[in-house]
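Novice: I am sharing run-v3.pdb, which consists of PDB, N, CA and C atoms, pLDDT in the B column:
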```pdb
ATOM      1  N   MET M1029     -20.234  -5.909 -48.254  1.00 76.00           N
ATOM      2  CA  MET M1029     -21.390  -5.178 -48.712  1.00 76.00           C
ATOM      3  C   MET M1029     -21.149  -4.543 -50.078  1.00 76.00           C
ATOM      4  N   ALA M1030     -19.929  -4.076 -50.321  1.00 74.00           N
ATOM      5  CA  ALA M1030     -19.652  -3.408 -51.592  1.00 74.00           C
ATOM      6  C   ALA M1030     -19.870  -4.362 -52.760  1.00 74.00           C
ATOM      7  N   ALA M1031     -19.537  -5.634 -52.588  1.00 78.00           N
ATOM      8  CA  ALA M1031     -19.722  -6.606 -53.666  1.00 78.00           C
ATOM      9  C   ALA M1031     -21.204  -6.806 -53.973  1.00 78.00           C
ATOM     10  N   ARG M1032     -22.047  -6.760 -52.944  1.00 85.00           N
ATOM     11  CA  ARG M1032     -23.477  -6.956 -53.148  1.00 85.00           C
ATOM     12  C   ARG M1032     -24.153  -5.698 -53.681  1.00 85.00           C
ATOM     13  N   LEU M1033     -23.699  -4.544 -53.228  1.00 86.00           N
ATOM     14  CA  LEU M1033     -24.336  -3.293 -53.629  1.00 86.00           C
ATOM     15  C   LEU M1033     -23.742  -2.702 -54.899  1.00 86.00           C
ATOM     16  N   GLY M1034     -22.532  -3.095 -55.231  1.00 84.00           N
ATOM     17  CA  GLY M1034     -21.837  -2.539 -56.381  1.00 84.00           C
ATOM     18  C   GLY M1034     -22.615  -2.549 -57.683  1.00 84.00           C
ATOM     19  N   PRO M1035     -23.210  -3.663 -58.053  1.00 89.00           N
ATOM     20  CA  PRO M1035     -23.943  -3.701 -59.322  1.00 89.00           C
ATOM     21  C   PRO M1035     -25.126  -2.733 -59.382  1.00 89.00           C
ATOM     22  N   ARG M1036     -25.677  -2.365 -58.215  1.00 91.00           N
ATOM     23  CA  ARG M1036     -26.838  -1.472 -58.192  1.00 91.00           C
ATOM     24  C   ARG M1036     -26.465  -0.006 -58.014  1.00 91.00           C
ATOM     25  N   ALA M1037     -25.197   0.281 -57.711  1.00 89.00           N
ATOM     26  CA  ALA M1037     -24.790   1.660 -57.439  1.00 89.00           C
ATOM     27  C   ALA M1037     -24.287   2.326 -58.717  1.00 89.00           C
ATOM     28  N   PRO M1038     -24.668   3.594 -58.927  1.00 93.00           N
ATOM     29  CA  PRO M1038     -24.215   4.291 -60.131  1.00 93.00           C
ATOM     30  C   PRO M1038     -22.779   4.822 -60.016  1.00 93.00           C
ATOM     31  N   VAL M1039     -22.175   4.705 -58.839  1.00 92.00           N
ATOM     32  CA  VAL M1039     -20.802   5.167 -58.616  1.00 92.00           C
ATOM     33  C   VAL M1039     -19.998   4.034 -57.982  1.00 92.00           C
ATOM     34  N   PRO M1040     -18.668   4.074 -58.092  1.00 89.00           N
ATOM     35  CA  PRO M1040     -17.862   3.032 -57.449  1.00 89.00           C
ATOM     36  C   PRO M1040     -18.022   3.078 -55.926  1.00 89.00           C
ATOM     37  N   LEU M1041     -18.080   1.925 -55.315  1.00 89.00           N
ATOM     38  CA  LEU M1041     -18.176   1.831 -53.859  1.00 89.00           C
ATOM     39  C   LEU M1041     -16.834   1.394 -53.295  1.00 89.00           C
ATOM     40  N   LEU M1042     -16.474   1.977 -52.167  1.00 87.00           N
ATOM     41  CA  LEU M1042     -15.220   1.633 -51.498  1.00 87.00           C
ATOM     42  C   LEU M1042     -15.523   0.983 -50.164  1.00 87.00           C
ATOM     43  N   ASP M1043     -14.836  -0.101 -49.886  1.00 87.00           N
ATOM     44  CA  ASP M1043     -14.942  -0.786 -48.600  1.00 87.00           C
ATOM     45  C   ASP M1043     -13.915  -0.156 -47.673  1.00 87.00           C
ATOM     46  N   GLY M1044     -14.376   0.503 -46.629  1.00 90.00           N
ATOM     47  CA  GLY M1044     -13.490   1.222 -45.715  1.00 90.00           C
ATOM     48  C   GLY M1044     -12.442   0.331 -45.065  1.00 90.00           C
ATOM     49  N   ILE M1045     -12.812  -0.870 -44.683  1.00 92.00           N
ATOM     50  CA  ILE M1045     -11.860  -1.784 -44.047  1.00 92.00           C
ATOM     51  C   ILE M1045     -10.786  -2.203 -45.042  1.00 92.00           C
ATOM     52  N   ALA M1046     -11.189  -2.564 -46.255  1.00 91.00           N
ATOM     53  CA  ALA M1046     -10.216  -2.974 -47.268  1.00 91.00           C
ATOM     54  C   ALA M1046      -9.270  -1.820 -47.602  1.00 91.00           C
ATOM     55  N   CYS M1047      -9.808  -0.612 -47.680  1.00 94.00           N
ATOM     56  CA  CYS M1047      -8.962   0.560 -47.955  1.00 94.00           C
ATOM     57  C   CYS M1047      -7.968   0.795 -46.824  1.00 94.00           C
ATOM     58  N   ALA M1048      -8.416   0.650 -45.590  1.00 97.00           N
ATOM     59  CA  ALA M1048      -7.537   0.859 -44.436  1.00 97.00           C
ATOM     60  C   ALA M1048      -6.427  -0.179 -44.399  1.00 97.00           C
ATOM     61  N   VAL M1049      -6.754  -1.415 -44.707  1.00 97.00           N
ATOM     62  CA  VAL M1049      -5.745  -2.483 -44.723  1.00 97.00           C
ATOM     63  C   VAL M1049      -4.702  -2.206 -45.793  1.00 97.00           C
ATOM     64  N   LYS M1050      -5.140  -1.809 -46.996  1.00 97.00           N
ATOM     65  CA  LYS M1050      -4.193  -1.506 -48.075  1.00 97.00           C
ATOM     66  C   LYS M1050      -3.300  -0.327 -47.704  1.00 97.00           C
ATOM     67  N   LEU M1051      -3.870   0.694 -47.059  1.00 97.00           N
ATOM     68  CA  LEU M1051      -3.083   1.844 -46.626  1.00 97.00           C
ATOM     69  C   LEU M1051      -2.042   1.422 -45.591  1.00 97.00           C
ATOM     70  N   ALA M1052      -2.435   0.593 -44.621  1.00 97.00           N
ATOM     71  CA  ALA M1052      -1.494   0.112 -43.611  1.00 97.00           C
ATOM     72  C   ALA M1052      -0.380  -0.710 -44.257  1.00 97.00           C
ATOM     73  N   GLU M1053      -0.728  -1.549 -45.222  1.00 97.00           N
ATOM     74  CA  GLU M1053       0.283  -2.343 -45.922  1.00 97.00           C
ATOM     75  C   GLU M1053       1.264  -1.450 -46.675  1.00 97.00           C
ATOM     76  N   ALA M1054       0.746  -0.400 -47.299  1.00 97.00           N
ATOM     77  CA  ALA M1054       1.609   0.517 -48.045  1.00 97.00           C
ATOM     78  C   ALA M1054       2.552   1.260 -47.108  1.00 97.00           C
ATOM     79  N   LEU M1055       2.058   1.682 -45.953  1.00 95.00           N
ATOM     80  CA  LEU M1055       2.909   2.382 -44.998  1.00 95.00           C
ATOM     81  C   LEU M1055       4.003   1.470 -44.452  1.00 95.00           C
ATOM     82  N   VAL M1056       3.687   0.225 -44.200  1.00 95.00           N
ATOM     83  CA  VAL M1056       4.697  -0.729 -43.730  1.00 95.00           C
ATOM     84  C   VAL M1056       5.738  -0.963 -44.821  1.00 95.00           C
ATOM     85  N   ALA M1057       5.295  -1.072 -46.068  1.00 97.00           N
ATOM     86  CA  ALA M1057       6.211  -1.333 -47.175  1.00 97.00           C
ATOM     87  C   ALA M1057       7.188  -0.179 -47.395  1.00 97.00           C
ATOM     88  N   LEU M1058       6.796   1.046 -47.014  1.00 97.00           N
ATOM     89  CA  LEU M1058       7.693   2.191 -47.165  1.00 97.00           C
ATOM     90  C   LEU M1058       8.899   2.111 -46.231  1.00 97.00           C
ATOM     91  N   ASN M1059       8.765   1.355 -45.137  1.00 95.00           N
ATOM     92  CA  ASN M1059       9.848   1.171 -44.178  1.00 95.00           C
ATOM     93  C   ASN M1059      10.427   2.511 -43.715  1.00 95.00           C
ATOM     94  N   LEU M1060       9.534   3.419 -43.316  1.00 92.00           N
ATOM     95  CA  LEU M1060       9.945   4.750 -42.882  1.00 92.00           C
ATOM     96  C   LEU M1060      10.650   4.685 -41.528  1.00 92.00           C
ATOM     97  N   PRO M1061      11.613   5.597 -41.274  1.00 92.00           N
ATOM     98  CA  PRO M1061      12.288   5.611 -39.971  1.00 92.00           C
ATOM     99  C   PRO M1061      11.344   6.155 -38.898  1.00 92.00           C
ATOM    100  N   LYS M1062      11.640   5.814 -37.651  1.00 86.00           N
ATOM    101  CA  LYS M1062      10.845   6.331 -36.542  1.00 86.00           C
ATOM    102  C   LYS M1062      11.081   7.829 -36.418  1.00 86.00           C
ATOM    103  N   ALA M1063      10.058   8.549 -36.000  1.00 85.00           N
ATOM    104  CA  ALA M1063      10.166   9.993 -35.842  1.00 85.00           C
ATOM    105  C   ALA M1063      11.148  10.329 -34.719  1.00 85.00           C
ATOM    106  N   SER M1064      12.009  11.324 -34.962  1.00 86.00           N
ATOM    107  CA  SER M1064      12.938  11.771 -33.922  1.00 86.00           C
ATOM    108  C   SER M1064      12.565  13.157 -33.418  1.00 86.00           C
ATOM    109  N   THR M1065      11.712  13.870 -34.145  1.00 86.00           N
ATOM    110  CA  THR M1065      11.211  15.170 -33.707  1.00 86.00           C
ATOM    111  C   THR M1065       9.728  15.246 -34.043  1.00 86.00           C
ATOM    112  N   GLY M1066       9.058  16.223 -33.461  1.00 86.00           N
ATOM    113  CA  GLY M1066       7.647  16.422 -33.750  1.00 86.00           C
ATOM    114  C   GLY M1066       6.737  15.663 -32.801  1.00 86.00           C
ATOM    115  N   SER M1067       5.464  15.685 -33.110  1.00 84.00           N
ATOM    116  CA  SER M1067       4.466  15.113 -32.202  1.00 84.00           C
ATOM    117  C   SER M1067       4.500  13.591 -32.144  1.00 84.00           C
ATOM    118  N   LEU M1068       5.118  12.931 -33.114  1.00 83.00           N
ATOM    119  CA  LEU M1068       5.186  11.471 -33.096  1.00 83.00           C
ATOM    120  C   LEU M1068       6.476  10.938 -32.486  1.00 83.00           C
ATOM    121  N   ALA M1069       7.390  11.832 -32.118  1.00 81.00           N
ATOM    122  CA  ALA M1069       8.655  11.416 -31.520  1.00 81.00           C
ATOM    123  C   ALA M1069       8.439  10.996 -30.070  1.00 81.00           C
ATOM    124  N   PRO M1070       9.248  10.073 -29.565  1.00 74.00           N
ATOM    125  CA  PRO M1070       9.141   9.700 -28.154  1.00 74.00           C
ATOM    126  C   PRO M1070       9.409  10.917 -27.267  1.00 74.00           C
ATOM    127  N   LEU M1071       8.674  11.006 -26.176  1.00 72.00           N
ATOM    128  CA  LEU M1071       8.850  12.120 -25.251  1.00 72.00           C
ATOM    129  C   LEU M1071      10.155  11.959 -24.491  1.00 72.00           C
ATOM    130  N   ALA M1072      10.873  13.043 -24.338  1.00 73.00           N
ATOM    131  CA  ALA M1072      12.132  13.020 -23.589  1.00 73.00           C
ATOM    132  C   ALA M1072      11.969  13.836 -22.313  1.00 73.00           C
ATOM    133  N   GLY M1073      12.618  13.405 -21.252  1.00 74.00           N
ATOM    134  CA  GLY M1073      12.617  14.164 -20.018  1.00 74.00           C
ATOM    135  C   GLY M1073      11.399  13.970 -19.148  1.00 74.00           C
ATOM    136  N   ARG M1074      10.560  13.050 -19.471  1.00 74.00           N
ATOM    137  CA  ARG M1074       9.381  12.792 -18.631  1.00 74.00           C
ATOM    138  C   ARG M1074       9.577  11.463 -17.925  1.00 74.00           C
ATOM    139  N   GLU M1075       9.367  11.467 -16.654  1.00 77.00           N
ATOM    140  CA  GLU M1075       9.473  10.249 -15.859  1.00 77.00           C
ATOM    141  C   GLU M1075       8.075   9.686 -15.614  1.00 77.00           C
ATOM    142  N   SER M1076       7.972   8.395 -15.544  1.00 80.00           N
ATOM    143  CA  SER M1076       6.710   7.752 -15.213  1.00 80.00           C
ATOM    144  C   SER M1076       6.916   6.922 -13.958  1.00 80.00           C
ATOM    145  N   SER M1077       5.829   6.677 -13.248  1.00 86.00           N
ATOM    146  CA  SER M1077       5.934   5.871 -12.034  1.00 86.00           C
ATOM    147  C   SER M1077       4.771   4.892 -11.984  1.00 86.00           C
ATOM    148  N   GLY M1078       4.987   3.793 -11.322  1.00 92.00           N
ATOM    149  CA  GLY M1078       3.947   2.800 -11.150  1.00 92.00           C
ATOM    150  C   GLY M1078       3.730   1.904 -12.353  1.00 92.00           C
ATOM    151  N   LEU M1079       4.644   1.938 -13.320  1.00 92.00           N
ATOM    152  CA  LEU M1079       4.504   1.099 -14.509  1.00 92.00           C
ATOM    153  C   LEU M1079       5.434  -0.103 -14.417  1.00 92.00           C
ATOM    154  N   SER M1080       5.064  -1.131 -15.125  1.00 93.00           N
ATOM    155  CA  SER M1080       5.960  -2.286 -15.182  1.00 93.00           C
ATOM    156  C   SER M1080       7.232  -1.865 -15.920  1.00 93.00           C
ATOM    157  N   PRO M1081       8.363  -2.487 -15.632  1.00 90.00           N
ATOM    158  CA  PRO M1081       9.605  -2.126 -16.319  1.00 90.00           C
ATOM    159  C   PRO M1081       9.490  -2.231 -17.847  1.00 90.00           C
ATOM    160  N   ALA M1082       8.771  -3.218 -18.332  1.00 93.00           N
ATOM    161  CA  ALA M1082       8.620  -3.389 -19.777  1.00 93.00           C
ATOM    162  C   ALA M1082       7.847  -2.221 -20.393  1.00 93.00           C
ATOM    163  N   LEU M1083       6.758  -1.801 -19.748  1.00 91.00           N
ATOM    164  CA  LEU M1083       5.961  -0.688 -20.270  1.00 91.00           C
ATOM    165  C   LEU M1083       6.737   0.620 -20.169  1.00 91.00           C
ATOM    166  N   ALA M1084       7.449   0.826 -19.075  1.00 86.00           N
ATOM    167  CA  ALA M1084       8.249   2.051 -18.919  1.00 86.00           C
ATOM    168  C   ALA M1084       9.323   2.117 -20.000  1.00 86.00           C
ATOM    169  N   ALA M1085       9.958   1.003 -20.320  1.00 84.00           N
ATOM    170  CA  ALA M1085      10.968   0.972 -21.383  1.00 84.00           C
ATOM    171  C   ALA M1085      10.352   1.263 -22.749  1.00 84.00           C
ATOM    172  N   LEU M1086       9.166   0.731 -22.967  1.00 83.00           N
ATOM    173  CA  LEU M1086       8.472   0.964 -24.238  1.00 83.00           C
ATOM    174  C   LEU M1086       8.120   2.446 -24.392  1.00 83.00           C
ATOM    175  N   LEU M1087       7.677   3.096 -23.348  1.00 79.00           N
ATOM    176  CA  LEU M1087       7.329   4.508 -23.414  1.00 79.00           C
ATOM    177  C   LEU M1087       8.555   5.406 -23.561  1.00 79.00           C
ATOM    178  N   ARG M1088       9.700   4.953 -23.038  1.00 75.00           N
ATOM    179  CA  ARG M1088      10.927   5.740 -23.203  1.00 75.00           C
ATOM    180  C   ARG M1088      11.429   5.732 -24.636  1.00 75.00           C
ATOM    181  N   GLY M1089      11.015   4.729 -25.388  1.00 66.00           N
ATOM    182  CA  GLY M1089      11.433   4.644 -26.801  1.00 66.00           C
ATOM    183  C   GLY M1089      12.591   3.753 -26.908  1.00 66.00           C
TER     184      GLY M1089
END
```
Once you've parsed the file, please lay out its structure as structure tokens.

Specialist:
Amino acid sequence: MAARLGPRAPVPLLDGIACAVKLAEALVALNLPKASTGSLAPLAGRESSGLSPALAALLRG
């Protein structure tokens, strides 16, 4: 849509999907380490039940 509307708009138009993809690519390129503390760190000391072994391992980190 931005390509079609761009010539008629008095301001630059941004395509939200294209911006999100570029942001995701930039974050991957940074090769940041996994969080070890804070809200993004894997939870420690919590047990889960009723999950497949693969999912339980993934949640443990």

Novice: Could you give me, as a PDB file with N, CA and C atoms, keeping the file's coordinate frame, the residues within 8 Å of range 1042-1056 of chain M, counting only N, CA and C atoms and dropping anything in the same chain fewer than 4 positions from it?

Specialist:
```pdb
ATOM      1  N   MET M1029     -20.234  -5.909 -48.254  1.00 76.00           N
ATOM      2  CA  MET M1029     -21.390  -5.178 -48.712  1.00 76.00           C
ATOM      3  C   MET M1029     -21.149  -4.543 -50.078  1.00 76.00           C
ATOM      4  N   ALA M1030     -19.929  -4.076 -50.321  1.00 74.00           N
ATOM      5  CA  ALA M1030     -19.652  -3.408 -51.592  1.00 74.00           C
ATOM      6  C   ALA M1030     -19.870  -4.362 -52.760  1.00 74.00           C
ATOM      7  N   ALA M1031     -19.537  -5.634 -52.588  1.00 78.00           N
ATOM      8  CA  ALA M1031     -19.722  -6.606 -53.666  1.00 78.00           C
ATOM      9  C   ALA M1031     -21.204  -6.806 -53.973  1.00 78.00           C
ATOM     10  N   LEU M1060       9.534   3.419 -43.316  1.00 92.00           N
ATOM     11  CA  LEU M1060       9.945   4.750 -42.882  1.00 92.00           C
ATOM     12  C   LEU M1060      10.650   4.685 -41.528  1.00 92.00           C
TER      13      LEU M1060
END
```

Novice: Starting from the displayed file, determine the output of the PyMOL selection byres (((chain M and resi 1066-1071 and name CA) around 10) and name CA) and express the residue list as a ChimeraX atom specification.

Specialist: /M:1062-1065,1072-1075,1086-1089

Novice: What gap, in Å, lies between CA of Ala1082 in chain M and CA of Pro1061 in chain M?

Specialist: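 According to the coordinates, CA of Ala1082 in chain M and CA of Pro1061 in chain M are separated by 22.4 Å.
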
Novice: I'd like the interatomic distance between CA of Ala1057 in chain M and CA of Leu1041 in chain M, to a tenth of an Å.

Specialist: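 Those two atoms sit 25.5 Å apart.
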